[in-house]
file work-v5.pdb (PDB, C-alpha atoms, pLDDT in the B column)
ATOM      1  CA  MET A  93       0.000   0.000   0.000  1.00 89.00           C
ATOM      2  CA  ASP A  94       1.195   3.511  -0.866  1.00 94.00           C
ATOM      3  CA  ILE A  95       0.749   6.117   1.884  1.00 97.00           C
ATOM      4  CA  ASN A  96       0.795   8.838  -0.761  1.00 96.00           C
ATOM      5  CA  ASN A  97      -2.791   9.694  -1.765  1.00 94.00           C
ATOM      6  CA  SER A  98      -4.245   7.458   0.960  1.00 97.00           C
ATOM      7  CA  VAL A  99      -7.160   8.477   3.187  1.00 98.00           C
ATOM      8  CA  ALA A 100      -6.317   7.773   6.831  1.00 98.00           C
ATOM      9  CA  LEU A 101      -8.146   7.879  10.132  1.00 98.00           C
ATOM     10  CA  VAL A 102      -6.075   8.123  13.318  1.00 98.00           C
ATOM     11  CA  THR A 103      -7.508   7.572  16.780  1.00 98.00           C
ATOM     12  CA  GLY A 104      -6.190   9.561  19.722  1.00 96.00           C
ATOM     13  CA  ALA A 105      -4.743  12.139  17.323  1.00 97.00           C
ATOM     14  CA  ASN A 106      -4.781  15.081  19.708  1.00 96.00           C
ATOM     15  CA  ARG A 107      -1.358  14.352  21.243  1.00 92.00           C
ATOM     16  CA  GLY A 108       1.578  11.972  21.502  1.00 91.00           C
ATOM     17  CA  LEU A 109       1.869   9.146  19.020  1.00 94.00           C
ATOM     18  CA  GLY A 110      -1.513   9.859  17.430  1.00 96.00           C
ATOM     19  CA  ARG A 111      -0.605  13.441  16.605  1.00 96.00           C
ATOM     20  CA  ALA A 112       2.729  12.245  15.203  1.00 96.00           C
ATOM     21  CA  PHE A 113       0.941   9.704  12.995  1.00 97.00           C
ATOM     22  CA  ALA A 114      -1.391  12.380  11.649  1.00 98.00           C
ATOM     23  CA  GLN A 115       1.498  14.762  10.962  1.00 97.00           C
ATOM     24  CA  ARG A 116       3.654  12.166   9.223  1.00 98.00           C
ATOM     25  CA  LEU A 117       0.713  11.012   7.113  1.00 98.00           C
ATOM     26  CA  LEU A 118       0.276  14.572   5.891  1.00 98.00           C
ATOM     27  CA  ASP A 119       4.021  14.902   5.304  1.00 97.00           C
ATOM     28  CA  ARG A 120       4.055  11.688   3.282  1.00 98.00           C
ATOM     29  CA  GLY A 121       1.284  12.813   0.964  1.00 98.00           C
ATOM     30  CA  ALA A 122      -1.920  11.378   2.383  1.00 98.00           C
ATOM     31  CA  ARG A 123      -4.841  12.917   0.508  1.00 98.00           C
ATOM     32  CA  LYS A 124      -6.918  13.245   3.658  1.00 98.00           C
ATOM     33  CA  VAL A 125      -6.322  12.574   7.355  1.00 98.00           C
ATOM     34  CA  TYR A 126      -9.204  12.233   9.777  1.00 98.00           C
ATOM     35  CA  ALA A 127      -7.820  13.153  13.212  1.00 98.00           C
ATOM     36  CA  THR A 128     -10.077  11.845  15.963  1.00 98.00           C
ATOM     37  CA  ALA A 129     -10.281  12.392  19.702  1.00 97.00           C
ATOM     38  CA  ARG A 130     -12.840  12.184  22.485  1.00 95.00           C
ATOM     39  CA  ARG A 131     -12.544  15.967  22.723  1.00 96.00           C
ATOM     40  CA  PRO A 132     -12.237  17.109  19.109  1.00 96.00           C
ATOM     41  CA  GLU A 133     -11.457  20.659  20.206  1.00 96.00           C
ATOM     42  CA  SER A 134      -8.134  19.351  21.557  1.00 96.00           C
ATOM     43  CA  VAL A 135      -6.883  18.520  18.034  1.00 96.00           C
ATOM     44  CA  ASP A 136      -4.648  21.413  16.955  1.00 95.00           C
ATOM     45  CA  LEU A 137      -2.949  20.047  13.834  1.00 96.00           C
ATOM     46  CA  PRO A 138      -3.478  22.097  10.651  1.00 96.00           C
ATOM     47  CA  GLY A 139      -4.567  20.264   7.540  1.00 97.00           C
ATOM     48  CA  VAL A 140      -6.569  17.444   9.123  1.00 98.00           C
ATOM     49  CA  GLU A 141     -10.310  16.785   9.245  1.00 98.00           C
ATOM     50  CA  VAL A 142     -11.333  16.543  12.882  1.00 98.00           C
ATOM     51  CA  LEU A 143     -13.863  13.988  14.081  1.00 98.00           C
ATOM     52  CA  ALA A 144     -15.185  13.260  17.551  1.00 98.00           C
ATOM     53  CA  LEU A 145     -14.561   9.644  18.532  1.00 98.00           C
ATOM     54  CA  ASP A 146     -14.716   7.710  21.785  1.00 98.00           C
ATOM     55  CA  VAL A 147     -13.376   4.259  20.941  1.00 98.00           C
ATOM     56  CA  THR A 148     -15.214   2.723  23.927  1.00 97.00           C
ATOM     57  CA  ASP A 149     -18.624   3.952  22.681  1.00 98.00           C
ATOM     58  CA  PRO A 150     -20.127   1.835  19.875  1.00 97.00           C
ATOM     59  CA  VAL A 151     -22.455   4.667  18.858  1.00 98.00           C
ATOM     60  CA  SER A 152     -19.490   7.016  18.472  1.00 98.00           C
ATOM     61  CA  VAL A 153     -17.569   4.379  16.499  1.00 98.00           C
ATOM     62  CA  ARG A 154     -20.485   3.837  14.097  1.00 98.00           C
ATOM     63  CA  ALA A 155     -20.847   7.597  13.624  1.00 98.00           C
ATOM     64  CA  ALA A 156     -17.148   7.920  12.757  1.00 98.00           C
ATOM     65  CA  ALA A 157     -17.391   5.104  10.218  1.00 98.00           C
ATOM     66  CA  ALA A 158     -20.409   6.765   8.622  1.00 98.00           C
ATOM     67  CA  ALA A 159     -18.613  10.132   8.490  1.00 98.00           C
ATOM     68  CA  ALA A 160     -15.462   8.682   6.891  1.00 98.00           C
ATOM     69  CA  PRO A 161     -16.533   6.152   4.229  1.00 98.00           C
ATOM     70  CA  ASP A 162     -13.464   6.889   2.089  1.00 98.00           C
ATOM     71  CA  VAL A 163     -10.885   5.597   4.591  1.00 98.00           C
ATOM     72  CA  SER A 164      -8.183   3.323   3.191  1.00 98.00           C
ATOM     73  CA  LEU A 165      -5.896   3.319   6.267  1.00 98.00           C
ATOM     74  CA  LEU A 166      -7.102   2.919   9.860  1.00 98.00           C
ATOM     75  CA  VAL A 167      -4.578   3.696  12.604  1.00 98.00           C
ATOM     76  CA  ASN A 168      -5.707   2.319  15.969  1.00 98.00           C
ATOM     77  CA  ASN A 169      -3.524   4.376  18.291  1.00 97.00           C
ATOM     78  CA  ALA A 170      -5.739   5.528  21.179  1.00 96.00           C
ATOM     79  CA  GLY A 171      -4.904   3.791  24.448  1.00 95.00           C
ATOM     80  CA  ILE A 172      -4.647   4.164  28.198  1.00 95.00           C
ATOM     81  CA  GLN A 173      -2.631   2.794  31.087  1.00 94.00           C
ATOM     82  CA  THR A 174      -4.251   2.988  34.529  1.00 96.00           C
ATOM     83  CA  GLY A 175      -1.419   1.507  36.611  1.00 95.00           C
ATOM     84  CA  THR A 176      -3.602  -1.370  37.765  1.00 97.00           C
ATOM     85  CA  ASP A 177      -2.717  -4.890  38.850  1.00 97.00           C
ATOM     86  CA  LEU A 178      -5.051  -7.842  38.307  1.00 98.00           C
ATOM     87  CA  VAL A 179      -5.551  -9.413  41.727  1.00 98.00           C
ATOM     88  CA  THR A 180      -5.738  -6.333  43.943  1.00 97.00           C
ATOM     89  CA  GLY A 181      -6.620  -3.616  41.426  1.00 97.00           C
ATOM     90  CA  SER A 182      -9.975  -2.174  40.459  1.00 98.00           C
ATOM     91  CA  LEU A 183     -12.005  -4.372  38.125  1.00 98.00           C
ATOM     92  CA  ASP A 184     -13.493  -1.221  36.646  1.00 98.00           C
ATOM     93  CA  ALA A 185      -9.996   0.002  35.713  1.00 98.00           C
ATOM     94  CA  ILE A 186      -9.129  -3.396  34.218  1.00 98.00           C
ATOM     95  CA  ARG A 187     -12.328  -3.339  32.158  1.00 98.00           C
ATOM     96  CA  LEU A 188     -11.558   0.208  30.996  1.00 98.00           C
ATOM     97  CA  GLU A 189      -8.111  -0.824  29.756  1.00 98.00           C
ATOM     98  CA  LEU A 190      -9.588  -3.798  27.890  1.00 98.00           C
ATOM     99  CA  GLU A 191     -12.355  -1.625  26.432  1.00 98.00           C
ATOM    100  CA  THR A 192      -9.918   1.055  25.295  1.00 98.00           C
ATOM    101  CA  ASN A 193      -6.894  -0.977  24.238  1.00 98.00           C
ATOM    102  CA  MET A 194      -8.492  -4.064  22.689  1.00 98.00           C
ATOM    103  CA  LEU A 195     -12.278  -3.987  22.295  1.00 98.00           C
ATOM    104  CA  GLY A 196     -12.293  -0.394  21.063  1.00 98.00           C
ATOM    105  CA  PRO A 197      -9.846  -1.089  18.209  1.00 98.00           C
ATOM    106  CA  LEU A 198     -11.723  -4.282  17.382  1.00 98.00           C
ATOM    107  CA  GLY A 199     -14.969  -2.323  17.180  1.00 98.00           C
ATOM    108  CA  LEU A 200     -13.347   0.139  14.791  1.00 98.00           C
ATOM    109  CA  ILE A 201     -11.997  -2.681  12.635  1.00 98.00           C
ATOM    110  CA  ARG A 202     -15.437  -4.275  12.459  1.00 98.00           C
ATOM    111  CA  GLU A 203     -17.055  -1.000  11.433  1.00 98.00           C
ATOM    112  CA  PHE A 204     -14.394   0.057   8.911  1.00 98.00           C
ATOM    113  CA  ALA A 205     -13.694  -3.335   7.321  1.00 98.00           C
ATOM    114  CA  PRO A 206     -16.453  -2.955   4.687  1.00 98.00           C
ATOM    115  CA  ALA A 207     -15.166   0.507   3.704  1.00 97.00           C
ATOM    116  CA  LEU A 208     -11.606  -0.783   3.467  1.00 98.00           C
ATOM    117  CA  ALA A 209     -12.806  -3.572   1.183  1.00 98.00           C
ATOM    118  CA  ARG A 210     -14.680  -1.111  -1.040  1.00 96.00           C
ATOM    119  CA  ASN A 211     -11.608   1.135  -1.160  1.00 96.00           C
ATOM    120  CA  GLY A 212      -9.282  -1.548  -2.469  1.00 96.00           C
ATOM    121  CA  GLY A 213      -8.428  -3.448   0.715  1.00 97.00           C
ATOM    122  CA  GLY A 214      -6.366  -0.792   2.433  1.00 98.00           C
ATOM    123  CA  ALA A 215      -4.554  -1.311   5.699  1.00 98.00           C
ATOM    124  CA  ILE A 216      -4.917  -1.270   9.467  1.00 98.00           C
ATOM    125  CA  VAL A 217      -2.216  -0.286  11.960  1.00 98.00           C
ATOM    126  CA  ASN A 218      -2.673  -1.452  15.544  1.00 98.00           C
ATOM    127  CA  VAL A 219      -0.295   0.281  17.953  1.00 97.00           C
ATOM    128  CA  LEU A 220       0.630  -2.407  20.471  1.00 97.00           C
ATOM    129  CA  SER A 221       3.515  -2.532  22.941  1.00 95.00           C
ATOM    130  CA  ALA A 222       6.486  -4.542  24.117  1.00 93.00           C
ATOM    131  CA  MET A 223       4.186  -5.073  27.100  1.00 94.00           C
ATOM    132  CA  SER A 224       2.070  -7.276  24.866  1.00 96.00           C
ATOM    133  CA  TRP A 225       4.567  -9.926  26.017  1.00 96.00           C
ATOM    134  CA  PHE A 226       5.325  -9.141  29.675  1.00 93.00           C
ATOM    135  CA  GLY A 227       3.837  -7.532  32.750  1.00 92.00           C
ATOM    136  CA  THR A 228       5.329  -5.693  35.682  1.00 90.00           C
ATOM    137  CA  GLY A 229       4.012  -4.391  38.975  1.00 90.00           C
ATOM    138  CA  GLY A 230       1.385  -1.716  38.416  1.00 92.00           C
ATOM    139  CA  GLY A 231       1.147  -2.633  34.747  1.00 93.00           C
ATOM    140  CA  HIS A 232      -0.468  -6.056  34.618  1.00 97.00           C
ATOM    141  CA  ALA A 233      -3.824  -4.738  33.399  1.00 98.00           C
ATOM    142  CA  TYR A 234      -1.979  -2.963  30.593  1.00 96.00           C
ATOM    143  CA  HIS A 235      -0.124  -6.186  29.763  1.00 97.00           C
ATOM    144  CA  LEU A 236      -3.439  -8.047  29.687  1.00 98.00           C
ATOM    145  CA  SER A 237      -5.043  -5.505  27.379  1.00 98.00           C
ATOM    146  CA  LYS A 238      -2.079  -5.257  25.005  1.00 98.00           C
ATOM    147  CA  GLY A 239      -1.582  -9.029  24.972  1.00 98.00           C
ATOM    148  CA  ALA A 240      -5.243  -9.400  24.042  1.00 98.00           C
ATOM    149  CA  ALA A 241      -4.816  -6.694  21.385  1.00 98.00           C
ATOM    150  CA  TRP A 242      -1.838  -8.598  19.943  1.00 98.00           C
ATOM    151  CA  ALA A 243      -3.946 -11.772  19.693  1.00 98.00           C
ATOM    152  CA  MET A 244      -6.799  -9.768  18.157  1.00 98.00           C
ATOM    153  CA  THR A 245      -4.411  -8.249  15.615  1.00 98.00           C
ATOM    154  CA  ASN A 246      -3.133 -11.671  14.557  1.00 98.00           C
ATOM    155  CA  SER A 247      -6.684 -12.992  14.223  1.00 98.00           C
ATOM    156  CA  VAL A 248      -8.184 -10.124  12.218  1.00 98.00           C
ATOM    157  CA  ARG A 249      -5.151 -10.268   9.908  1.00 98.00           C
ATOM    158  CA  GLN A 250      -6.242 -13.785   8.942  1.00 98.00           C
ATOM    159  CA  GLU A 251      -9.912 -12.855   8.704  1.00 98.00           C
ATOM    160  CA  LEU A 252      -9.298  -9.811   6.479  1.00 98.00           C
ATOM    161  CA  ALA A 253      -6.663 -11.372   4.212  1.00 98.00           C
ATOM    162  CA  GLU A 254      -9.261 -12.439   1.660  1.00 97.00           C
ATOM    163  CA  GLN A 255     -10.399  -8.847   1.118  1.00 98.00           C
ATOM    164  CA  GLY A 256      -6.789  -7.707   0.694  1.00 98.00           C
ATOM    165  CA  THR A 257      -6.495  -5.666   3.889  1.00 98.00           C
ATOM    166  CA  ILE A 258      -2.998  -5.384   5.385  1.00 98.00           C
ATOM    167  CA  VAL A 259      -2.965  -5.593   9.197  1.00 98.00           C
ATOM    168  CA  THR A 260       0.249  -4.369  10.808  1.00 98.00           C
ATOM    169  CA  GLY A 261       0.938  -4.705  14.531  1.00 98.00           C
ATOM    170  CA  VAL A 262       3.438  -2.169  15.858  1.00 97.00           C
ATOM    171  CA  HIS A 263       5.382  -2.879  19.065  1.00 96.00           C
ATOM    172  CA  LEU A 264       7.539  -0.424  20.962  1.00 94.00           C
ATOM    173  CA  GLY A 265       9.073  -0.013  24.390  1.00 88.00           C
ATOM    174  CA  LEU A 266       8.793   3.623  25.450  1.00 76.00           C
ATOM    175  CA  ALA A 267       8.014   6.653  23.313  1.00 63.00           C
ATOM    176  CA  ASP A 268       8.654  10.253  24.282  1.00 62.00           C
ATOM    177  CA  THR A 269       5.031  10.995  25.200  1.00 59.00           C
ATOM    178  CA  ASP A 270       3.062  11.986  28.296  1.00 60.00           C
ATOM    179  CA  MET A 271       2.440   8.312  29.160  1.00 60.00           C
ATOM    180  CA  ALA A 272       6.187   7.674  29.557  1.00 50.00           C
ATOM    181  CA  ALA A 273       7.102  11.041  31.077  1.00 49.00           C
ATOM    182  CA  GLY A 274       8.106   9.485  34.410  1.00 55.00           C
ATOM    183  CA  TRP A 275      10.759   7.197  32.903  1.00 50.00           C
ATOM    184  CA  PRO A 276      14.195   8.880  32.644  1.00 51.00           C
ATOM    185  CA  VAL A 277      15.447   6.535  29.907  1.00 57.00           C
ATOM    186  CA  ASP A 278      15.963   6.608  26.158  1.00 70.00           C
ATOM    187  CA  LYS A 279      12.657   6.753  24.294  1.00 69.00           C
ATOM    188  CA  ILE A 280      11.716   6.543  20.650  1.00 85.00           C
ATOM    189  CA  VAL A 281      10.747   9.849  19.043  1.00 89.00           C
ATOM    190  CA  PRO A 282       7.019   9.744  18.132  1.00 92.00           C
ATOM    191  CA  SER A 283       7.647  10.768  14.523  1.00 93.00           C
ATOM    192  CA  ASP A 284      10.229   7.968  14.180  1.00 93.00           C
ATOM    193  CA  LEU A 285       7.689   5.473  15.491  1.00 95.00           C
ATOM    194  CA  ALA A 286       5.075   6.726  13.032  1.00 96.00           C
ATOM    195  CA  ASP A 287       7.529   6.454  10.144  1.00 97.00           C
ATOM    196  CA  ALA A 288       8.527   2.909  11.135  1.00 96.00           C
ATOM    197  CA  ALA A 289       4.858   1.904  11.228  1.00 97.00           C
ATOM    198  CA  LEU A 290       4.022   3.551   7.903  1.00 98.00           C
ATOM    199  CA  ASP A 291       7.118   2.017   6.296  1.00 98.00           C
ATOM    200  CA  GLY A 292       5.825  -1.333   7.521  1.00 98.00           C
ATOM    201  CA  VAL A 293       2.428  -0.721   5.934  1.00 98.00           C
ATOM    202  CA  GLU A 294       4.030   0.187   2.612  1.00 98.00           C
ATOM    203  CA  ALA A 295       6.124  -2.993   2.785  1.00 97.00           C
ATOM    204  CA  GLY A 296       3.080  -5.130   3.632  1.00 97.00           C
ATOM    205  CA  SER A 297       4.633  -6.151   6.972  1.00 98.00           C
ATOM    206  CA  ALA A 298       2.549  -8.058   9.501  1.00 98.00           C
ATOM    207  CA  GLU A 299       4.652  -6.783  12.398  1.00 98.00           C
ATOM    208  CA  VAL A 300       6.916  -3.835  13.133  1.00 98.00           C
ATOM    209  CA  LEU A 301       9.343  -3.976  16.060  1.00 97.00           C
ATOM    210  CA  ALA A 302      10.075  -0.284  16.311  1.00 94.00           C
ATOM    211  CA  ASP A 303      12.961  -0.228  18.794  1.00 93.00           C
ATOM    212  CA  GLN A 304      15.644  -2.420  20.319  1.00 88.00           C
ATOM    213  CA  TRP A 305      13.627  -2.938  23.501  1.00 88.00           C
ATOM    214  CA  SER A 306      10.757  -4.574  21.617  1.00 93.00           C
ATOM    215  CA  ARG A 307      13.150  -6.617  19.477  1.00 94.00           C
ATOM    216  CA  ASP A 308      14.991  -7.908  22.554  1.00 92.00           C
ATOM    217  CA  ILE A 309      11.793  -8.936  24.332  1.00 93.00           C
ATOM    218  CA  LYS A 310      10.315 -10.638  21.272  1.00 96.00           C
ATOM    219  CA  SER A 311      13.532 -12.640  20.913  1.00 95.00           C
ATOM    220  CA  ARG A 312      13.044 -14.094  24.424  1.00 95.00           C
ATOM    221  CA  LEU A 313       9.581 -15.547  23.859  1.00 96.00           C
ATOM    222  CA  SER A 314      10.963 -19.034  23.221  1.00 96.00           C
ATOM    223  CA  LEU A 315      12.379 -19.155  26.764  1.00 96.00           C
ATOM    224  CA  SER A 316      10.606 -21.025  29.533  1.00 96.00           C
ATOM    225  CA  PRO A 317       8.406 -18.845  31.783  1.00 95.00           C
ATOM    226  CA  GLU A 318      11.032 -19.033  34.530  1.00 95.00           C
ATOM    227  CA  GLU A 319      13.854 -18.051  32.185  1.00 96.00           C
ATOM    228  CA  PHE A 320      11.791 -15.309  30.566  1.00 93.00           C
ATOM    229  CA  ASN A 321      10.770 -13.779  33.902  1.00 93.00           C
ATOM    230  CA  ALA A 322      14.365 -13.847  35.154  1.00 93.00           C
ATOM    231  CA  ALA A 323      15.583 -12.176  31.947  1.00 92.00           C
ATOM    232  CA  MET A 324      12.878  -9.514  32.227  1.00 90.00           C
ATOM    233  CA  ASP A 325      13.739  -8.850  35.874  1.00 88.00           C
ATOM    234  CA  ARG A 326      17.345  -8.229  34.851  1.00 87.00           C
ATOM    235  CA  ALA A 327      16.348  -6.032  31.916  1.00 84.00           C
ATOM    236  CA  LEU A 328      13.956  -3.928  33.994  1.00 81.00           C
ATOM    237  CA  ALA A 329      16.537  -3.538  36.752  1.00 81.00           C
ATOM    238  CA  ALA A 330      19.095  -2.361  34.209  1.00 76.00           C
ATOM    239  CA  LEU A 331      16.554   0.028  32.683  1.00 69.00           C
ATOM    240  CA  THR A 332      15.648   1.658  35.986  1.00 64.00           C
ATOM    241  CA  THR A 333      19.260   2.038  37.148  1.00 63.00           C
ATOM    242  CA  ALA A 334      20.692   3.257  33.831  1.00 55.00           C
TER
END
call {"tool": "encode", "arguments": {"input": "work-v5.pdb", "output": "structure tokens"}}
result
Amino acid sequence: MDINNSVALVTGANRGLGRAFAQRLLDRGARKVYATARRPESVDLPGVEVLALDVTDPVSVRAAAAAAPDVSLLVNNAGIQTGTDLVTGSLDAIRLELETNMLGPLGLIREFAPALARNGGGAIVNVLSAMSWFGTGGGHAYHLSKGAAWAMTNSVRQELAEQGTIVTGVHLGLADTDMAAGWPVDKIVPSDLADAALDGVEAGSAEVLADQWSRDIKSRLSLSPEEFNAAMDRALAALTTA
């Protein structure tokens, strides 16, 4: 798929990675970029078409699909992290992470799949995480939601292959956004992440590992659970003391 002359819709486009995606799409020649957010007035990027969208609200999702029937590229970027664990944390917070990080993107895919088929197949980008593969204290609900989103991404890729839709899962460690502001470590620049993802779409890639952190973790998945957890403990300790 060629990003040039595409029509894209980006969720969570008011800041962080979503805003970077919208900007880089414009820079790379997208014909139209729908920039969506729960509060559309918070989108400040010139050159985009702003739409209100709450990914956890099916009515809002259907309205966005009706307002943007020409979309050929869907970027599922919107996400949250509540800092919740599974056994002692709030079930409401866990449900919110699942609704936002997995069920919301799935709802968008379901609504936009017919339009993508009509528009030549198109592509979907799901912004995932290195935490699709591991959890840590205060982040187990996020791990659950991103792990579920990874599985969803792999499944819809198979289901949409017949209509010619590319589905690219993008994994990263930390990006230089508000969500990672408390981590004094090296982070990927949002525009670099967006470019890596869009390069992956143009190459027809099923998966993009956008930084060394995500590549290192993916390479450990063949380890036993005990070995993997020990390796992650060492890596996290090194990260926090660097």
call {"tool": "closest_atom_pairs", "arguments": {"input": "work-v5.pdb", "of": "stretch 119-208 of chain A", "to": "stretch 248-257 of chain A", "cutoff": "10 Å", "atoms": "all atoms listed in the file", "output": "CSV"}}
result
residue,atom,partner,partner_atom,distance
A:Ser164,CA,A:Thr257,CA,9.2
A:Leu165,CA,A:Thr257,CA,9.3
A:Leu198,CA,A:Val248,CA,8.6
A:Ile201,CA,A:Val248,CA,8.4
A:Arg202,CA,A:Val248,CA,9.3
A:Ala205,CA,A:Leu252,CA,7.9
A:Pro206,CA,A:Gln255,CA,9.2
A:Leu208,CA,A:Thr257,CA,7.1
call {"tool": "closest_residue", "arguments": {"input": "work-v5.pdb", "among": "A:Ala327, A:Val281, A:Leu313, A:Ile172", "to": "A:Leu109", "atoms": "only C-alpha atoms"}}
result
A:Val281
call {"tool": "resolve_selection", "arguments": {"input": "work-v5.pdb", "expression": "the PyMOL selection byres ((chain A and resi 142) around 6)", "output": "CSV table (one decimal) with C-alpha atoms, in the frame of the given file"}}
result
chain,number,residue,atom,x,y,z
A,126,TYR,CA,-9.2,12.2,9.8
A,127,ALA,CA,-7.8,13.2,13.2
A,128,THR,CA,-10.1,11.8,16.0
A,141,GLU,CA,-10.3,16.8,9.2
A,143,LEU,CA,-13.9,14.0,14.1
call {"tool": "resolve_selection", "arguments": {"input": "work-v5.pdb", "expression": "the PyMOL selection byres ((chain A and resi 228) around 12)", "output": "PDB file with C-alpha atoms, in the coordinates of the input"}}
result
ATOM      1  CA  GLY A 175      -1.419   1.507  36.611  1.00 95.00           C
ATOM      2  CA  THR A 176      -3.602  -1.370  37.765  1.00 97.00           C
ATOM      3  CA  ASP A 177      -2.717  -4.890  38.850  1.00 97.00           C
ATOM      4  CA  LEU A 178      -5.051  -7.842  38.307  1.00 98.00           C
ATOM      5  CA  ALA A 222       6.486  -4.542  24.117  1.00 93.00           C
ATOM      6  CA  MET A 223       4.186  -5.073  27.100  1.00 94.00           C
ATOM      7  CA  SER A 224       2.070  -7.276  24.866  1.00 96.00           C
ATOM      8  CA  TRP A 225       4.567  -9.926  26.017  1.00 96.00           C
ATOM      9  CA  PHE A 226       5.325  -9.141  29.675  1.00 93.00           C
ATOM     10  CA  GLY A 227       3.837  -7.532  32.750  1.00 92.00           C
ATOM     11  CA  GLY A 229       4.012  -4.391  38.975  1.00 90.00           C
ATOM     12  CA  GLY A 230       1.385  -1.716  38.416  1.00 92.00           C
ATOM     13  CA  GLY A 231       1.147  -2.633  34.747  1.00 93.00           C
ATOM     14  CA  HIS A 232      -0.468  -6.056  34.618  1.00 97.00           C
ATOM     15  CA  ALA A 233      -3.824  -4.738  33.399  1.00 98.00           C
ATOM     16  CA  TYR A 234      -1.979  -2.963  30.593  1.00 96.00           C
ATOM     17  CA  HIS A 235      -0.124  -6.186  29.763  1.00 97.00           C
ATOM     18  CA  LEU A 236      -3.439  -8.047  29.687  1.00 98.00           C
ATOM     19  CA  ASN A 321      10.770 -13.779  33.902  1.00 93.00           C
ATOM     20  CA  MET A 324      12.878  -9.514  32.227  1.00 90.00           C
ATOM     21  CA  ASP A 325      13.739  -8.850  35.874  1.00 88.00           C
ATOM     22  CA  ALA A 327      16.348  -6.032  31.916  1.00 84.00           C
ATOM     23  CA  LEU A 328      13.956  -3.928  33.994  1.00 81.00           C
ATOM     24  CA  ALA A 329      16.537  -3.538  36.752  1.00 81.00           C
TER      25      ALA A 329
END
call {"tool": "closest_residue", "arguments": {"input": "work-v5.pdb", "among": "A:Leu190, A:Ala156, A:Ala302, A:Gly239", "to": "A:Pro282", "atoms": "all atoms listed in the file"}}
result
A:Ala302
call {"tool": "atom_distance", "arguments": {"input": "work-v5.pdb", "atom1": "atom CA of A:Val135", "atom2": "atom CA of A:Ala170"}}
result
13.4 Å
call {"tool": "resolve_selection", "arguments": {"input": "work-v5.pdb", "expression": "the PyMOL selection byres ((chain A and resi 304) around 12)", "output": "list of chain:residue names"}}
result
A:Ala222, A:His263, A:Leu264, A:Gly265, A:Leu266, A:Asp278, A:Lys279, A:Ile280, A:Val300, A:Leu301, A:Ala302, A:Asp303, A:Trp305, A:Ser306, A:Arg307, A:Asp308, A:Ile309, A:Lys310, A:Ser311
call {"tool": "atom_distance", "arguments": {"input": "work-v5.pdb", "atom1": "atom CA of A:Ala105", "atom2": "atom CA of A:Ser283"}}
result
12.8 Å
call {"tool": "closest_residue", "arguments": {"input": "work-v5.pdb", "among": "A:Asp184, A:Thr174, A:Asn218, A:Ala129", "to": "A:Ala286", "atoms": "all atoms listed in the file"}}
result
A:Asn218
call {"tool": "residues_around", "arguments": {"input": "work-v5.pdb", "residues": "A:Pro197", "least_positions_apart": "3", "cutoff": "8 Å", "atoms": "all atoms listed in the file", "output": "list in words"}}
result
Val147, Asn168, Thr192, Asn193, Met194, Leu200, Ile201 and Asn218 of chain A
call {"tool": "atom_distance", "arguments": {"input": "work-v5.pdb", "atom1": "atom CA of A:Ser134", "atom2": "atom CA of A:Gln115"}}
result
15.0 Å
call {"tool": "residues_around", "arguments": {"input": "work-v5.pdb", "residues": "A:Val140", "least_positions_apart": "5", "cutoff": "12 Å", "atoms": "all atoms listed in the file", "output": "ChimeraX atom specification"}}
result
/A:99-102,105-106,111,113-119,122-128,132,135
call {"tool": "residues_near_point", "arguments": {"input": "work-v5.pdb", "point": "(3.4, 1.7, 7.4)", "cutoff": "12 Å", "atoms": "all atoms listed in the file", "output": "PyMOL selection string"}}
result
chain A and resi 93-96+98+100+113+116-117+120+165-167+214-219+258-262+284-302
call {"tool": "axis_aligned_box", "arguments": {"input": "work-v5.pdb", "around": "stretch 113-132 of chain A", "padding_each_side": "4 Å", "output": "AutoDock Vina command-line options"}}
result
--center_x -4.4 --center_y 13.4 --center_z 11.6 --size_x 24.9 --size_y 15.4 --size_z 30.2
call {"tool": "decode", "arguments": {"input": "work-v5.pdb", "residues": "stretch 111-116 of chain A", "atoms": "N, CA, C and O atoms", "output": "mmCIF file, in the first residue's frame"}}
result
data_model
loop_
_atom_site.group_PDB
_atom_site.id
_atom_site.type_symbol
_atom_site.label_atom_id
_atom_site.label_comp_id
_atom_site.auth_asym_id
_atom_site.auth_seq_id
_atom_site.Cartn_x
_atom_site.Cartn_y
_atom_site.Cartn_z
ATOM 1 N N ARG A 111 -0.889 12.182 17.307
ATOM 2 C CA ARG A 111 -0.605 13.441 16.605
ATOM 3 C C ARG A 111 0.565 13.262 15.646
ATOM 4 O O ARG A 111 0.564 13.791 14.528
ATOM 5 N N ALA A 112 1.579 12.505 16.074
ATOM 6 C CA ALA A 112 2.729 12.245 15.203
ATOM 7 C C ALA A 112 2.305 11.447 13.974
ATOM 8 O O ALA A 112 2.783 11.714 12.851
ATOM 9 N N PHE A 113 1.443 10.459 14.149
ATOM 10 C CA PHE A 113 0.941 9.704 12.995
ATOM 11 C C PHE A 113 0.242 10.635 12.015
ATOM 12 O O PHE A 113 0.485 10.584 10.800
ATOM 13 N N ALA A 114 -0.653 11.477 12.528
ATOM 14 C CA ALA A 114 -1.391 12.380 11.649
ATOM 15 C C ALA A 114 -0.445 13.312 10.897
ATOM 16 O O ALA A 114 -0.599 13.537 9.687
ATOM 17 N N GLN A 115 0.549 13.852 11.597
ATOM 18 C CA GLN A 115 1.498 14.762 10.962
ATOM 19 C C GLN A 115 2.311 14.051 9.889
ATOM 20 O O GLN A 115 2.490 14.571 8.781
ATOM 21 N N ARG A 116 2.820 12.868 10.194
ATOM 22 C CA ARG A 116 3.654 12.166 9.223
ATOM 23 C C ARG A 116 2.828 11.682 8.025
ATOM 24 O O ARG A 116 3.338 11.636 6.894
#
